[in-house]
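Undergrad: What follows is input30.cif; its format and atoms are mmCIF, C-alpha atoms and all ligand atoms.
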```
data_structure
#
loop_
_atom_site.label_atom_id
_atom_site.label_comp_id
_atom_site.auth_asym_id
_atom_site.auth_seq_id
_atom_site.Cartn_x
_atom_site.Cartn_y
_atom_site.Cartn_z
CA MET A 1 0.00 0.00 0.00
CA GLY A 2 1.32 3.46 -0.94
CA GLN A 3 2.07 5.87 1.84
CA GLU A 4 -0.59 8.53 2.34
CA VAL A 5 0.73 12.03 1.75
CA ASN A 6 -0.35 14.75 4.15
CA TYR A 7 -0.75 18.18 2.67
CA SER A 8 -0.21 20.35 5.71
CA GLU A 9 1.27 23.56 4.33
CA LEU A 10 -1.70 25.74 3.51
CA LEU A 11 -0.83 28.38 0.91
CA TYR A 12 -4.22 30.01 0.48
CA GLU A 13 -7.77 29.60 1.70
CA GLY A 14 -10.59 31.00 -0.44
CA LYS A 15 -14.36 30.94 -0.05
CA ALA A 16 -14.82 27.46 -1.50
CA LYS A 17 -11.31 26.00 -1.80
CA LYS A 18 -7.97 25.64 -0.08
CA ILE A 19 -4.57 25.30 -1.76
CA PHE A 20 -1.74 23.32 -0.19
CA LYS A 21 1.89 22.76 -1.13
CA THR A 22 2.96 19.24 -2.10
CA PRO A 23 6.41 17.63 -2.09
CA GLU A 24 6.60 18.47 -5.80
CA LYS A 25 7.53 22.06 -6.57
CA GLU A 26 5.25 22.40 -9.59
CA VAL A 27 2.22 20.67 -8.05
CA PHE A 28 -0.42 21.97 -5.64
CA PHE A 29 -3.19 20.14 -3.77
CA LEU A 30 -6.56 21.85 -4.28
CA GLU A 31 -9.19 20.97 -1.68
CA PHE A 32 -12.85 21.68 -2.39
CA LYS A 33 -14.71 22.79 0.75
CA ASP A 34 -18.34 22.14 1.65
CA SER A 35 -19.01 25.87 2.03
CA LEU A 36 -21.06 27.95 -0.32
CA THR A 37 -21.00 31.76 -0.46
CA ALA A 38 -22.72 34.41 -2.54
CA PHE A 39 -22.73 38.19 -2.92
CA ASN A 40 -19.02 38.47 -2.11
CA ALA A 41 -19.45 36.19 0.94
CA LEU A 42 -22.23 38.29 2.52
CA LYS A 43 -24.38 35.17 2.30
CA LYS A 44 -22.85 31.96 3.66
CA GLY A 45 -23.98 28.35 3.64
CA SER A 46 -22.82 24.81 3.04
CA PHE A 47 -24.06 21.33 2.32
CA GLU A 48 -22.71 17.91 3.11
CA ASN A 49 -20.42 16.48 0.45
CA LYS A 50 -20.45 19.64 -1.66
CA GLY A 51 -16.65 19.49 -1.80
CA ILE A 52 -16.63 15.98 -3.25
CA VAL A 53 -19.48 16.71 -5.67
CA ASN A 54 -17.80 19.85 -7.00
CA ARG A 55 -14.40 18.16 -7.16
CA ASP A 56 -15.92 15.35 -9.23
CA ILE A 57 -17.76 17.77 -11.55
CA ALA A 58 -14.62 19.87 -12.04
CA ALA A 59 -12.50 16.76 -12.77
CA LEU A 60 -14.95 15.50 -15.41
CA VAL A 61 -15.23 18.92 -17.04
CA PHE A 62 -11.43 19.38 -17.11
CA ASP A 63 -11.00 15.89 -18.62
CA TYR A 64 -13.62 16.65 -21.27
CA LEU A 65 -12.10 20.03 -22.15
CA GLU A 66 -8.59 18.52 -22.36
CA GLN A 67 -9.91 16.17 -25.04
CA HIS A 68 -11.29 19.22 -26.85
CA GLY A 69 -7.97 21.04 -26.95
CA VAL A 70 -8.24 23.16 -23.77
CA LYS A 71 -5.27 22.73 -21.45
CA SER A 72 -5.94 23.22 -17.75
CA HIS A 73 -4.07 23.03 -14.45
CA TYR A 74 -5.85 19.74 -13.57
CA LEU A 75 -3.61 16.70 -13.12
CA LYS A 76 -5.64 14.08 -11.21
CA LYS A 77 -8.15 13.45 -8.47
CA GLU A 78 -6.65 13.09 -5.04
CA LYS A 79 -7.94 11.72 -1.73
CA HIS A 80 -11.23 12.87 -0.20
CA ASN A 81 -12.34 16.11 -1.80
CA GLY A 82 -9.16 17.19 -3.52
CA MET A 83 -7.26 17.22 -6.78
CA LEU A 84 -3.65 17.71 -7.78
CA VAL A 85 -3.12 20.70 -10.03
CA LYS A 86 -0.19 22.24 -11.82
CA LYS A 87 1.19 25.31 -10.06
CA VAL A 88 0.14 28.47 -11.87
CA GLU A 89 0.15 32.15 -11.14
CA ILE A 90 -3.46 33.28 -11.39
CA ILE A 91 -4.14 36.09 -13.87
CA PRO A 92 -6.20 38.47 -11.71
CA PHE A 93 -9.18 38.79 -14.08
CA GLU A 94 -12.32 36.69 -14.02
CA VAL A 95 -13.50 35.89 -17.52
CA VAL A 96 -17.27 35.64 -17.91
CA VAL A 97 -18.94 34.22 -21.01
CA ARG A 98 -22.67 34.75 -21.56
CA ASN A 99 -24.94 32.93 -24.01
CA VAL A 100 -28.19 34.11 -22.44
CA LEU A 101 -28.73 37.20 -20.26
CA ALA A 102 -29.33 36.44 -16.60
CA GLY A 103 -28.68 37.67 -13.09
CA SER A 104 -27.50 41.14 -12.24
CA THR A 105 -26.59 41.95 -15.84
CA ALA A 106 -30.12 41.33 -17.15
CA LYS A 107 -31.42 43.42 -14.26
CA LYS A 108 -28.94 46.25 -14.81
CA LEU A 109 -29.84 46.48 -18.50
CA GLY A 110 -33.58 46.27 -17.84
CA LEU A 111 -33.90 43.06 -19.86
CA GLU A 112 -35.70 39.90 -18.92
CA GLU A 113 -33.68 37.03 -17.49
CA GLY A 114 -33.49 34.39 -20.23
CA THR A 115 -32.98 36.82 -23.13
CA PRO A 116 -30.75 34.95 -25.61
CA LEU A 117 -27.72 36.70 -27.11
CA SER A 118 -27.04 36.52 -30.87
CA GLU A 119 -23.43 35.50 -30.13
CA PRO A 120 -21.43 34.69 -26.98
CA LEU A 121 -20.30 37.71 -25.03
CA VAL A 122 -16.91 37.70 -23.24
CA GLU A 123 -16.40 40.08 -20.30
CA PHE A 124 -13.55 40.67 -17.85
CA TYR A 125 -13.79 41.48 -14.15
CA PHE A 126 -10.82 42.57 -12.02
CA LYS A 127 -10.39 40.13 -9.10
CA LYS A 128 -10.53 42.36 -6.02
CA ASP A 129 -12.96 41.47 -3.23
CA GLU A 130 -12.67 44.94 -1.62
CA LEU A 131 -13.95 46.46 -4.88
CA ASN A 132 -16.56 43.75 -5.53
CA ASP A 133 -14.71 42.51 -8.64
CA PRO A 134 -15.43 45.47 -10.95
CA PHE A 135 -16.07 45.09 -14.69
CA VAL A 136 -13.07 46.18 -16.78
CA SER A 137 -12.94 46.87 -20.49
CA GLU A 138 -10.25 45.32 -22.69
CA GLU A 139 -8.78 48.82 -23.09
CA GLN A 140 -8.60 49.21 -19.30
CA MET A 141 -6.85 45.83 -19.09
CA ARG A 142 -4.29 46.90 -21.67
CA ILE A 143 -3.68 50.50 -20.60
CA ILE A 144 -4.17 50.37 -16.82
CA TYR A 145 -3.17 46.80 -15.97
CA LYS A 146 -0.57 46.38 -18.77
CA ILE A 147 -1.99 43.06 -20.02
CA SER A 148 -0.64 42.58 -23.54
CA GLU A 149 -2.99 42.64 -26.50
CA LYS A 150 -1.74 39.13 -27.33
CA ASP A 151 -2.75 37.79 -23.89
CA ILE A 152 -6.15 39.53 -24.00
CA SER A 153 -6.87 37.96 -27.42
CA LEU A 154 -5.71 34.57 -26.18
CA LEU A 155 -7.96 34.78 -23.09
CA CYS A 156 -10.95 35.66 -25.30
CA GLU A 157 -10.12 32.84 -27.71
CA LEU A 158 -9.76 30.28 -24.90
CA ALA A 159 -12.95 31.49 -23.20
CA LEU A 160 -14.90 31.02 -26.44
CA MET A 161 -13.38 27.56 -27.00
CA ILE A 162 -14.37 26.58 -23.47
CA ASN A 163 -17.85 27.96 -24.07
CA GLN A 164 -18.27 25.92 -27.25
CA GLY A 165 -17.06 22.75 -25.55
CA LEU A 166 -19.18 23.27 -22.45
CA LYS A 167 -22.31 24.15 -24.42
CA GLU A 168 -22.00 20.86 -26.32
CA LEU A 169 -21.17 18.87 -23.19
CA PHE A 170 -24.13 20.21 -21.20
CA HIS A 171 -26.49 19.98 -24.17
CA ARG A 172 -25.83 16.22 -24.24
CA ILE A 173 -27.23 16.00 -20.71
CA ASP A 174 -30.23 18.27 -21.35
CA ILE A 175 -28.72 21.31 -19.70
CA GLU A 176 -28.47 24.76 -21.25
CA LEU A 177 -25.31 26.71 -20.43
CA ILE A 178 -26.52 30.24 -19.73
CA ASP A 179 -23.23 31.79 -18.57
CA PHE A 180 -20.09 30.98 -16.61
CA LYS A 181 -16.95 32.42 -15.06
CA VAL A 182 -13.46 31.03 -15.52
CA GLU A 183 -9.99 31.95 -14.34
CA PHE A 184 -6.68 31.40 -16.04
CA GLY A 185 -3.12 31.12 -14.78
CA LYS A 186 0.40 31.06 -16.16
CA ASP A 187 2.55 28.01 -15.44
CA LEU A 188 6.28 28.20 -14.72
CA GLN A 189 6.94 28.05 -18.48
CA GLY A 190 4.64 31.04 -19.08
CA GLN A 191 1.93 28.99 -20.74
CA ILE A 192 -1.67 30.17 -20.10
CA LEU A 193 -3.81 27.37 -18.63
CA LEU A 194 -7.43 27.18 -17.55
CA ALA A 195 -7.33 27.18 -13.72
CA ASP A 196 -9.60 27.34 -10.66
CA GLU A 197 -12.78 25.28 -11.26
CA ILE A 198 -15.80 24.81 -13.48
CA THR A 199 -18.75 23.74 -11.31
CA PRO A 200 -22.34 24.86 -10.59
CA ASP A 201 -20.77 27.46 -8.26
CA CYS A 202 -19.59 29.47 -11.24
CA CYS A 203 -21.96 28.51 -14.07
CA ARG A 204 -25.63 29.07 -14.71
CA LEU A 205 -27.12 25.77 -15.81
CA TRP A 206 -30.80 25.42 -16.72
CA ASP A 207 -32.60 22.16 -17.37
CA VAL A 208 -33.59 22.25 -21.06
CA LYS A 209 -37.03 20.73 -20.51
CA THR A 210 -38.17 22.18 -17.19
CA LYS A 211 -36.04 25.38 -17.23
CA GLU A 212 -35.19 24.59 -13.59
CA LYS A 213 -31.98 26.14 -12.34
CA LEU A 214 -29.28 23.59 -11.41
CA ASP A 215 -26.65 25.98 -10.07
CA LYS A 216 -25.71 28.42 -7.33
CA ASP A 217 -28.69 30.66 -8.10
CA ARG A 218 -30.69 28.09 -6.07
CA PHE A 219 -28.64 29.18 -3.06
CA ARG A 220 -28.45 32.89 -3.98
CA ARG A 221 -32.23 33.11 -4.41
CA ASP A 222 -33.26 30.63 -1.67
CA LEU A 223 -34.91 28.28 -4.17
CA GLY A 224 -34.15 25.14 -2.11
CA GLN A 225 -32.84 21.78 -3.41
CA VAL A 226 -29.30 23.15 -3.71
CA LYS A 227 -27.55 19.86 -2.86
CA GLU A 228 -29.92 17.85 -5.06
CA SER A 229 -29.29 20.14 -8.03
CA TYR A 230 -25.50 19.91 -7.79
CA GLU A 231 -25.79 16.13 -7.41
CA GLN A 232 -28.06 16.04 -10.45
CA VAL A 233 -25.45 17.80 -12.58
CA LEU A 234 -22.80 15.30 -11.44
CA ALA A 235 -25.05 12.27 -11.99
CA ARG A 236 -25.85 13.37 -15.55
CA LEU A 237 -22.16 14.02 -16.35
CA GLN A 238 -21.20 10.61 -14.95
CA LYS A 239 -23.56 8.92 -17.41
CA LEU A 240 -21.49 10.25 -20.31
CA ASN A 241 -18.42 8.12 -19.60
CA ILE A 242 -15.97 10.95 -20.13
CA ARG A 243 -12.48 9.52 -20.64
CA LYS A 244 -9.61 10.55 -18.40
CA GLY A 245 -7.29 13.16 -19.96
N1 LIG B 301 -19.67 34.31 -11.33
C1 LIG B 301 -18.79 33.70 -10.49
N2 LIG B 301 -18.07 34.45 -9.59
C2 LIG B 301 -18.22 35.79 -9.51
C3 LIG B 301 -19.13 36.43 -10.37
C4 LIG B 301 -19.84 35.66 -11.27
O1 LIG B 301 -18.60 32.49 -10.53
O2 LIG B 301 -17.53 36.42 -8.68
C5 LIG B 301 -20.43 33.51 -12.31
C6 LIG B 301 -21.90 33.41 -11.96
O3 LIG B 301 -22.17 32.27 -11.21
C7 LIG B 301 -22.54 33.34 -13.31
C8 LIG B 301 -21.60 34.12 -14.23
O4 LIG B 301 -20.36 34.16 -13.55
O5 LIG B 301 -22.60 32.00 -13.77
C9 LIG B 301 -22.07 35.51 -14.55
O6 LIG B 301 -22.40 36.17 -13.34
P1 LIG B 301 -23.00 37.65 -13.33
O7 LIG B 301 -21.94 38.60 -13.76
O8 LIG B 301 -24.26 37.67 -14.10
O9 LIG B 301 -23.24 37.91 -11.81
P2 LIG B 301 -24.53 37.93 -10.90
O10 LIG B 301 -25.76 37.97 -11.66
O11 LIG B 301 -24.40 36.66 -10.12
O12 LIG B 301 -24.29 39.16 -10.12
#
```
Since I need it in another form, could you write the structure as structure tokens?
TA:
Amino acid sequence: MGQEVNYSELLYEGKAKKIFKTPEKEVFFLEFKDSLTAFNALKKGSFENKGIVNRDIAALVFDYLEQHGVKSHYLKKEKHNGMLVKKVEIIPFEVVVRNVLAGSTAKKLGLEEGTPLSEPLVEFYFKKDELNDPFVSEEQMRIIYKISEKDISLLCELALMINQGLKELFHRIDIELIDFKVEFGKDLQGQILLADEITPDCCRLWDVKTKEKLDKDRFRRDLGQVKESYEQVLARLQKLNIRKG
């Protein structure tokens, strides 16, 4: 029997995950917590086994995307509710892709939630909790934050590739991908990789037939059945027999 590794050196603890060092310099242990937060952590909750469910969803999605040409930080599942990931330096911009208008954006623009867009929309938000992650334009990214035009184009291109892959993946399990948020990081060689997670915490997923929400909006809006919805997404993905990367 192999010796169990203990990941004791905590590098960072976020709202839903913890990152630990491992004996390998280029590898981190990412632990998915059972907690659930919304509105910049003003609303807090949790459910039993959320960490494992989200870890399993993220692993399947990363495996699927890898087969569709999107490289991520994901290496393999690890004990309990964790995964081993390649060490990256996170690019401090959240990338949101929208296929259908929902949430605060629909509200802000005075449009009905569920309004479809004629093409996918990519948006950037500066990662800064104290500022509530403000929207930034591509020009602001280039001029204020000195992100090269090449990197901005690459982030847009990758976000759209991920969107195409995810739309197809979820469509196969009768789920419509409304919108999602992803994060990217640079590895030690400077290569941009998809990082963080893709789970119902950061996507809007609607059942195609019933239009029921199967994502964190159930928690944000007190719709109930949060655990059951996340488990439903995982159960449907597991039926697809996605191959390991
Ligand atoms: N999102 C996220 N983290 C954030 C902000 C947004 O994961 O800090 C996700 C959110 O779950 C949704 C998408 O990004 O799937 C677009 O969110 P939106 O900008 O519409 O925010 P909201 O309506 O929740 O304010």
Undergrad: Which residues of chain A come within 6 Å of ligand LIG 301 (chain B), and for each one, what is the closest pair of atoms and their distance in Å to one decimal, counting all atoms listed in the file, sorted by chain and residue number, as JSON lines?
TA:
```
{"residue": "A:Val96", "atom": "CA", "partner": "B:LIG301", "partner_atom": "O4", "distance": 5.5}
{"residue": "A:Ala102", "atom": "CA", "partner": "B:LIG301", "partner_atom": "O8", "distance": 5.8}
{"residue": "A:Gly103", "atom": "CA", "partner": "B:LIG301", "partner_atom": "O10", "distance": 3.3}
{"residue": "A:Ser104", "atom": "CA", "partner": "B:LIG301", "partner_atom": "O10", "distance": 3.7}
{"residue": "A:Thr105", "atom": "CA", "partner": "B:LIG301", "partner_atom": "O8", "distance": 5.2}
{"residue": "A:Asp179", "atom": "CA", "partner": "B:LIG301", "partner_atom": "O5", "distance": 4.8}
{"residue": "A:Phe180", "atom": "CA", "partner": "B:LIG301", "partner_atom": "O5", "distance": 3.9}
{"residue": "A:Lys181", "atom": "CA", "partner": "B:LIG301", "partner_atom": "O4", "distance": 4.1}
{"residue": "A:Asp201", "atom": "CA", "partner": "B:LIG301", "partner_atom": "O3", "distance": 5.8}
{"residue": "A:Cys202", "atom": "CA", "partner": "B:LIG301", "partner_atom": "O1", "distance": 3.3}
{"residue": "A:Cys203", "atom": "CA", "partner": "B:LIG301", "partner_atom": "O5", "distance": 3.6}
{"residue": "A:Arg204", "atom": "CA", "partner": "B:LIG301", "partner_atom": "O5", "distance": 4.3}
```
Undergrad: Enclose all atoms of segment 105-112 of chain A listed in the file in an axis-aligned box, grow every side by 8 Å, and hand back centre and edge lengths in Å to one decimal, as JSON.
TA:
```
{"center_x": -31.1, "center_y": 43.2, "center_z": -17.1, "size_x": 25.1, "size_y": 22.6, "size_z": 21.6}
```
Undergrad: Hey, which of A:Gln232, A:Gln67, A:Asn81, A:Asn163 ends up closest to Asn99 of chain A? Count only C-alpha atoms.
TA: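 So, comparing all the options, the nearest one is A:Asn163.
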Undergrad: Identify, on the basis of all atoms listed in the file, every residue whose closest approach to Lys21 of chain A does not exceed 10 Å; exclude the query and any residue fewer than 2 positions from it along the same chain; express the result as a PyMOL selection string.
TA: chain A and resi 6-12+19+23-30+87
Undergrad: Report the distance between atom CA of Lys150 of chain A and atom CA of Ser118 of chain A in Å, rounded to one decimal place.
TA: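 That distance, rounded to one decimal, is 25.7 Å.
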Undergrad: Rank nothing, just name the residue among A:Asp217, A:Asp151, A:Glu31, A:Glu212 nearest to Glu13 of chain A, using all atoms listed in the file.
TA: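 Result for the nearest residue to Glu13 of chain A: A:Glu31.
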Undergrad: Using only C-alpha atoms, which residues sit within 7 Å of Ile198 of chain A once same-chain residues fewer than 4 positions away are excluded, as a ChimeraX atom specification?
TA: /A:58,61,182,202
Undergrad: Would you save the residues from that selection as an mmCIF file, in the frame of the given file, using C-alpha atoms?
TA:
```
data_model
loop_
_atom_site.group_PDB
_atom_site.id
_atom_site.type_symbol
_atom_site.label_atom_id
_atom_site.label_comp_id
_atom_site.auth_asym_id
_atom_site.auth_seq_id
_atom_site.Cartn_x
_atom_site.Cartn_y
_atom_site.Cartn_z
ATOM 1 C CA ALA A 58 -14.620 19.870 -12.040
ATOM 2 C CA VAL A 61 -15.230 18.920 -17.040
ATOM 3 C CA VAL A 182 -13.460 31.030 -15.520
ATOM 4 C CA CYS A 202 -19.590 29.470 -11.240
#
```
Undergrad: So that I can check the surroundings of Leu188 of chain A, please list as JSON, numbers by chain every protein, DNA and RNA residue that reaches within 12 Å of it, counting all atoms listed in the file and ignoring chain neighbours fewer than 2 positions away.
TA: {"A": [25, 26, 27, 73, 86, 87, 88, 89, 90, 185, 186, 190, 191, 192, 193]}
Undergrad: Report, in Å with one decimal, the straight-line distance from atom CA of Lys211 of chain A to atom CA of Val100 of chain A.
TA: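 Between these atoms lies a distance of 12.8 Å.
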Undergrad: Smallest atom-to-atom distance to Leu205 of chain A: which of A:Asp187, A:Glu228, A:Asp222, A:Asp174, using all atoms listed in the file?
TA: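 The shortest atom-to-atom distance to Leu205 of chain A comes from A:Asp174.
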Undergrad: Using all atoms listed in the file, pick whichever of A:His68, A:Lys227, A:Ile143, A:Asp215 has the shortest atom-to-atom distance to Gly51 of chain A.
TA: A:Lys227
Undergrad: Take atom CA of Ile173 of chain A and atom CA of Val97 of chain A and report the distance between them in Å, one decimal.
TA: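 Answer for the atom CA of Ile173 of chain A to atom CA of Val97 of chain A separation: 20.0 Å.
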